[in-house]
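Participant: File entry-v6.tsv follows (TSV, C-alpha atoms and all ligand atoms):
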```tsv
chain	number	residue	atom	x	y	z
A	825	MET	CA	191.90	164.17	63.03
A	826	GLU	CA	193.65	162.36	60.21
A	827	LYS	CA	192.47	159.85	57.68
A	828	THR	CA	193.89	158.13	54.61
A	829	ILE	CA	191.62	157.51	51.66
A	830	PHE	CA	192.44	155.17	48.82
A	831	ILE	CA	191.56	156.61	45.41
A	832	LYS	CA	191.22	153.98	42.70
A	833	ASP	CA	190.98	156.26	39.68
A	834	ILE	CA	190.43	159.82	38.50
A	835	ASN	CA	186.65	159.51	38.97
A	836	ALA	CA	187.17	158.69	42.64
A	837	MET	CA	189.29	161.83	42.89
A	838	LYS	CA	186.46	163.82	41.34
A	839	ARG	CA	183.99	162.30	43.82
A	840	LEU	CA	186.23	163.36	46.69
A	841	ALA	CA	186.24	166.96	45.44
A	842	PHE	CA	182.47	166.94	45.02
A	843	GLN	CA	182.15	165.50	48.53
A	844	LEU	CA	184.29	168.31	49.93
A	845	GLU	CA	182.41	171.11	48.15
A	846	PRO	CA	179.32	171.22	50.44
A	847	CYS	CA	181.70	171.56	53.41
A	848	LEU	CA	183.31	174.75	52.09
A	849	PHE	CA	182.80	178.03	53.90
A	850	GLU	CA	183.98	181.63	53.64
A	851	GLY	CA	187.60	181.61	54.81
A	852	PHE	CA	188.16	177.91	54.09
A	853	VAL	CA	191.83	176.95	53.75
A	854	LEU	CA	192.96	173.82	51.92
A	855	CYS	CA	196.67	173.06	51.81
A	856	LEU	CA	197.52	170.64	49.02
A	857	GLU	CA	200.67	168.57	49.15
A	858	GLY	CA	202.04	166.02	46.72
A	859	ASP	CA	204.86	165.41	44.29
A	860	LEU	CA	204.89	166.40	40.63
A	861	GLY	CA	201.98	164.75	38.88
A	862	ALA	CA	200.32	163.62	42.12
A	863	GLY	CA	197.12	165.45	41.19
A	864	LYS	CA	197.08	168.79	43.06
A	865	THR	CA	195.97	170.77	40.03
A	866	THR	CA	193.54	168.04	38.98
A	867	PHE	CA	191.91	168.07	42.41
A	868	THR	CA	191.67	171.87	42.36
A	869	GLN	CA	190.01	171.71	38.93
A	870	PHE	CA	187.41	169.25	40.23
A	871	LEU	CA	186.79	171.37	43.32
A	872	GLY	CA	186.32	174.46	41.15
A	873	GLN	CA	183.93	172.50	38.96
A	874	ALA	CA	182.00	171.41	42.05
A	875	MET	CA	181.83	175.07	43.17
A	876	GLY	CA	180.25	175.94	39.84
A	877	ILE	CA	183.25	177.78	38.41
A	878	LYS	CA	183.19	177.65	34.63
A	879	ASP	CA	186.66	179.07	33.90
A	880	HIS	CA	189.48	176.69	33.23
A	881	ILE	CA	191.68	176.30	36.28
A	882	ASN	CA	195.36	175.76	35.65
A	883	SER	CA	198.53	175.97	37.68
A	884	PRO	CA	199.20	179.40	39.17
A	885	THR	CA	202.99	178.86	39.23
A	886	PHE	CA	203.89	182.10	37.44
A	887	THR	CA	201.33	184.26	39.22
A	888	ILE	CA	201.41	183.00	42.85
A	889	MET	CA	197.67	183.66	43.14
A	890	LYS	CA	194.81	183.19	40.69
A	891	ILE	CA	191.34	184.38	41.58
A	892	TYR	CA	188.18	182.74	40.24
A	893	ASP	CA	185.19	184.91	41.00
A	894	HIS	CA	182.05	183.11	42.08
A	895	ASP	CA	179.49	182.99	44.93
A	896	LEU	CA	182.39	181.66	46.94
A	897	ARG	CA	185.59	182.97	45.40
A	898	LEU	CA	188.36	180.50	44.73
A	899	TYR	CA	191.91	181.65	45.42
A	900	HIS	CA	194.36	179.22	43.87
A	901	ILE	CA	197.75	179.94	45.40
A	902	ASP	CA	201.16	178.53	44.56
A	903	ALA	CA	203.67	179.77	47.11
A	904	TYR	CA	206.67	178.07	45.49
A	905	ARG	CA	208.30	181.35	44.55
A	906	LEU	CA	208.02	182.62	48.12
A	907	GLN	CA	210.49	180.02	49.34
A	908	GLY	CA	212.63	181.46	52.14
A	909	GLN	CA	210.20	184.30	52.75
A	910	GLY	CA	207.87	182.50	55.16
A	911	TYR	CA	205.20	185.10	54.80
A	912	ASP	CA	203.30	187.33	52.36
A	913	GLN	CA	201.09	190.23	53.36
A	914	ASP	CA	198.78	190.18	50.33
A	915	LEU	CA	198.14	186.48	50.77
A	916	GLU	CA	197.68	186.91	54.50
A	917	ASP	CA	194.87	189.40	53.84
A	918	VAL	CA	192.97	186.70	51.95
A	919	ILE	CA	193.84	183.30	53.38
A	920	GLY	CA	191.36	182.20	56.04
A	921	ILE	CA	189.41	185.44	55.65
A	922	GLU	CA	187.59	185.41	52.36
A	923	GLY	CA	186.62	182.83	49.80
A	924	VAL	CA	188.24	179.43	49.57
A	925	SER	CA	192.02	179.30	49.45
A	926	VAL	CA	193.66	176.28	47.86
A	927	ILE	CA	197.36	176.52	48.59
A	928	GLU	CA	200.24	174.61	47.05
A	929	TRP	CA	203.66	174.86	48.74
A	930	HIS	CA	201.99	176.20	51.92
A	931	GLN	CA	205.14	175.46	53.92
A	932	TYR	CA	206.76	178.52	52.32
A	933	ILE	CA	204.15	180.88	53.78
A	934	GLN	CA	203.69	179.14	57.11
A	935	GLU	CA	203.56	182.47	59.00
A	936	SER	CA	200.65	183.70	56.87
A	937	LEU	CA	198.46	180.67	57.51
A	938	PRO	CA	195.72	180.48	60.13
A	939	LYS	CA	196.04	178.00	63.00
A	940	ASP	CA	193.42	175.65	61.58
A	941	VAL	CA	193.56	174.37	58.01
A	942	LEU	CA	192.60	171.28	56.05
A	943	LYS	CA	195.64	169.49	54.69
A	944	MET	CA	195.55	166.97	51.87
A	945	ASN	CA	198.60	165.02	50.92
A	946	ILE	CA	198.26	163.20	47.60
A	947	VAL	CA	200.59	160.28	47.04
A	948	TRP	CA	201.02	158.65	43.64
A	949	VAL	CA	200.43	154.88	43.81
A	950	SER	CA	200.09	153.95	40.14
A	951	ASN	CA	198.96	155.66	36.92
A	952	GLN	CA	195.37	155.78	38.14
A	953	GLU	CA	195.64	155.18	41.88
A	954	ARG	CA	196.38	157.67	44.62
A	955	GLN	CA	196.49	157.67	48.38
A	956	VAL	CA	195.16	160.83	49.99
A	957	THR	CA	195.90	161.63	53.61
A	958	ILE	CA	193.59	164.27	54.99
A	959	GLU	CA	194.30	166.11	58.20
A	960	GLY	CA	192.22	168.80	59.86
A	961	THR	CA	192.01	170.66	63.13
A	962	GLY	CA	189.32	172.89	64.65
A	963	PRO	CA	186.36	173.32	62.28
A	964	TYR	CA	188.02	170.96	59.81
A	965	GLU	CA	187.95	167.92	62.11
A	966	ASN	CA	184.36	167.02	61.30
A	967	ILE	CA	185.01	167.53	57.60
A	968	VAL	CA	187.77	164.92	57.72
A	969	LYS	CA	185.27	162.51	59.29
A	970	THR	CA	182.77	163.11	56.48
A	971	LEU	CA	185.17	162.61	53.59
A	972	GLY	CA	185.72	159.29	51.87
A	973	ARG	CA	182.61	157.65	53.23
R	1001	LIG	N1	193.31	159.26	40.51
R	1001	LIG	C1	193.89	160.33	39.97
R	1001	LIG	N2	193.90	161.50	40.66
R	1001	LIG	C2	194.49	162.59	40.15
R	1001	LIG	N3	195.11	162.65	38.95
R	1001	LIG	C3	195.12	161.52	38.22
R	1001	LIG	C4	194.52	160.32	38.70
R	1001	LIG	N4	194.71	159.37	37.76
R	1001	LIG	C5	195.36	159.93	36.78
R	1001	LIG	N5	195.64	161.23	37.01
R	1001	LIG	C6	196.39	162.12	36.12
R	1001	LIG	O1	197.58	162.49	36.79
R	1001	LIG	C7	197.96	163.82	36.42
R	1001	LIG	C8	198.07	164.70	37.66
R	1001	LIG	O2	198.66	165.93	37.27
R	1001	LIG	P1	198.50	167.30	38.04
R	1001	LIG	O3	198.94	168.36	37.12
R	1001	LIG	O4	197.12	167.40	38.62
R	1001	LIG	O5	199.54	167.09	39.22
R	1001	LIG	P2	200.16	168.19	40.18
R	1001	LIG	O6	200.20	167.56	41.53
R	1001	LIG	O7	199.42	169.47	40.06
R	1001	LIG	O8	201.63	168.31	39.63
R	1001	LIG	P3	202.61	169.58	39.54
R	1001	LIG	O9	203.31	169.64	40.88
R	1001	LIG	O10	203.54	169.21	38.44
R	1001	LIG	O11	201.80	170.79	39.25
R	1001	LIG	C9	196.88	164.32	35.48
R	1001	LIG	O12	197.32	164.12	34.17
R	1001	LIG	C10	195.69	163.43	35.80
R	1001	LIG	O13	194.81	163.26	34.70
R	1002	MG	MG	199.97	171.40	39.54
```
So that I can check it, write out the structure of this file as structure tokens.
Ligand SMILES: Nc1ncnc2c1ncn2[C@@H]1O[C@H](COP(=O)(O)OP(=O)(O)OP(=O)(O)O)[C@@H](O)[C@H]1O
Ligand SMILES: [Mg+2]
Facilitator:
Amino acid sequence: MEKTIFIKDINAMKRLAFQLEPCLFEGFVLCLEGDLGAGKTTFTQFLGQAMGIKDHINSPTFTIMKIYDHDLRLYHIDAYRLQGQGYDQDLEDVIGIEGVSVIEWHQYIQESLPKDVLKMNIVWVSNQERQVTIEGTGPYENIVKTLGR
């Protein structure tokens, strides 16, 4: 299942995150794609806010994984530095197993990802506007249907 949602401004992006939040479950995997400045970190911040996380969420670039403890833990993962590796055991022990994993540069740890994930590709349209293509298989198919309505 795949769907493209037009986002007219940052508030619409926030609404999308708040719409996704009730769909989250233990072991949820969200792969975020998009160029520099597309809004990957912004979306993750809104999702964390929707989950009730009070800490400030920023880019995990220099740590690979940041953990935000909550009822549902948020694992914010940036796999950029694992380029060429394809896999990471520590990440594999978490992704799809506990908490919610939000993964940037997921293609670099393809072998450590579960079969089913929710993928969001954010495309910059203008300063305020974005186009978000959402793709999900297995348990994520119905979530794709729900989003953006
Ligand atoms: N509709 C929108 N959705 C998301 N971000 C928006 C929107 N409109 C404006 N912005 C702004 O665009 C910027 C997006 O930057 P952000 O750091 O989230 O991108 P990123 O994809 O994480 O980039 P990077 O790859 O450099 O980490 C923010 O400054 C945000 O306020
Ligand atoms: Mg970012």
Participant: For Met944 in chain A, find every residue with an atom within 9 Å (counting only C-alpha atoms), except residues of its own chain fewer than 6 positions away, and show them as number ranges by chain.
Facilitator: A: 854-858, 956-960
Participant: Counting all atoms listed in the file, I want the residues whose atoms come within 10 Å of (206.8, 179.6, 48.0) in the file frame, returned as an MDAnalysis selection string.
Facilitator: chainID A and resid 885 888 901:912 927:934
Participant: Separation of CA of Leu871 in chain A and CA of Gly972 in chain A, in Å?
Facilitator: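 Atom-to-atom, CA of Leu871 in chain A and CA of Gly972 in chain A are spaced 14.8 Å apart.
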Participant: To one decimal place, how far is CA of Ile831 in chain A from CA of Ile919 in chain A in Å?
Facilitator: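 Between CA of Ile831 in chain A and CA of Ile919 in chain A the gap is 27.9 Å.
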Participant: Using all atoms listed in the file, can you tell me which of A:Arg954, A:Lys864, A:Arg839, A:Lys890 comes closest to ligand MG 1002 (chain R)?
Facilitator: A:Lys864
Participant: Step by step, measure atom-to-atom distances between ligand LIG 1001 (chain R) and each residue using only C-alpha atoms and all ligand atoms, keep those at most 10 Å, then write them as a PyMOL selection string.
Facilitator: chain A and resi 830-838+840+856-870+882-885+902+928-929+945-956
Participant: Could you pull the residues within 6 Å of Val924 in chain A, counting all atoms listed in the file, minus those fewer than 2 positions along the same chain, as a PDB file with C-alpha atoms, in the coordinates of the input?
Facilitator:
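Generated file (out_34.pdb):
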```
ATOM      1  CA  GLY A 851     187.600 181.610  54.810  1.00  0.00           C
ATOM      2  CA  PHE A 852     188.160 177.910  54.090  1.00  0.00           C
ATOM      3  CA  LEU A 898     188.360 180.500  44.730  1.00  0.00           C
ATOM      4  CA  TYR A 899     191.910 181.650  45.420  1.00  0.00           C
TER       5      TYR A 899
END
```
Participant: Report the distance between CA of Pro963 in chain A and CA of Lys878 in chain A in Å, rounded to one decimal place.
Facilitator: 28.2 Å
Participant: List the spatial neighbours of Gly872 in chain A as a ChimeraX atom specification - criterion: any atom at most 9 Å away, only C-alpha atoms, same-chain residues fewer than 6 positions off excluded.
Facilitator: /A:841,845,878-881,892,898
Participant: Could you tell me which of A:Ser925, A:His900, A:Val968, A:Leu942 comes closest to ligand MG 1002 (chain R) if we count all atoms listed in the file?
Facilitator: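 The shortest atom-to-atom distance to ligand MG 1002 (chain R) comes from A:His900.
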Participant: Can you rebuild range 861-877 of chain A with N, CA and C atoms and give it as a JSON list (two decimals), keeping the file's coordinate frame?
Facilitator:
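Listed below is the output, part-v5.json:
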```json
[["chain", "number", "residue", "atom", "x", "y", "z"],
["A", 861, "GLY", "N", 202.87, 165.73, 39.51],
["A", 861, "GLY", "CA", 201.98, 164.75, 38.88],
["A", 861, "GLY", "C", 201.11, 163.97, 39.85],
["A", 862, "ALA", "N", 201.14, 164.32, 41.13],
["A", 862, "ALA", "CA", 200.32, 163.62, 42.12],
["A", 862, "ALA", "C", 198.83, 163.88, 41.85],
["A", 863, "GLY", "N", 198.51, 165.12, 41.50],
["A", 863, "GLY", "CA", 197.12, 165.45, 41.19],
["A", 863, "GLY", "C", 196.60, 166.69, 41.91],
["A", 864, "LYS", "N", 197.49, 167.56, 42.34],
["A", 864, "LYS", "CA", 197.08, 168.79, 43.06],
["A", 864, "LYS", "C", 196.23, 169.68, 42.16],
["A", 865, "THR", "N", 196.72, 169.91, 40.95],
["A", 865, "THR", "CA", 195.97, 170.77, 40.03],
["A", 865, "THR", "C", 194.66, 170.10, 39.61],
["A", 866, "THR", "N", 194.74, 168.80, 39.36],
["A", 866, "THR", "CA", 193.54, 168.04, 38.98],
["A", 866, "THR", "C", 192.48, 168.15, 40.06],
["A", 867, "PHE", "N", 192.87, 167.97, 41.32],
["A", 867, "PHE", "CA", 191.91, 168.07, 42.41],
["A", 867, "PHE", "C", 191.30, 169.47, 42.48],
["A", 868, "THR", "N", 192.14, 170.48, 42.31],
["A", 868, "THR", "CA", 191.67, 171.87, 42.36],
["A", 868, "THR", "C", 190.67, 172.14, 41.24],
["A", 869, "GLN", "N", 190.94, 171.56, 40.06],
["A", 869, "GLN", "CA", 190.01, 171.71, 38.93],
["A", 869, "GLN", "C", 188.66, 171.09, 39.26],
["A", 870, "PHE", "N", 188.66, 169.91, 39.87],
["A", 870, "PHE", "CA", 187.41, 169.25, 40.23],
["A", 870, "PHE", "C", 186.67, 170.05, 41.30],
["A", 871, "LEU", "N", 187.42, 170.59, 42.26],
["A", 871, "LEU", "CA", 186.79, 171.37, 43.32],
["A", 871, "LEU", "C", 186.14, 172.63, 42.73],
["A", 872, "GLY", "N", 186.86, 173.28, 41.82],
["A", 872, "GLY", "CA", 186.32, 174.46, 41.15],
["A", 872, "GLY", "C", 185.06, 174.13, 40.37],
["A", 873, "GLN", "N", 185.10, 173.01, 39.71],
["A", 873, "GLN", "CA", 183.93, 172.50, 38.96],
["A", 873, "GLN", "C", 182.76, 172.29, 39.92],
["A", 874, "ALA", "N", 183.04, 171.67, 41.06],
["A", 874, "ALA", "CA", 182.00, 171.41, 42.05],
["A", 874, "ALA", "C", 181.43, 172.72, 42.61],
["A", 875, "MET", "N", 182.27, 173.76, 42.67],
["A", 875, "MET", "CA", 181.83, 175.07, 43.17],
["A", 875, "MET", "C", 181.02, 175.83, 42.13],
["A", 876, "GLY", "N", 181.01, 175.30, 40.90],
["A", 876, "GLY", "CA", 180.25, 175.94, 39.84],
["A", 876, "GLY", "C", 181.06, 176.91, 39.00],
["A", 877, "ILE", "N", 182.38, 176.89, 39.18],
["A", 877, "ILE", "CA", 183.25, 177.78, 38.41],
["A", 877, "ILE", "C", 183.41, 177.23, 36.99]]
```
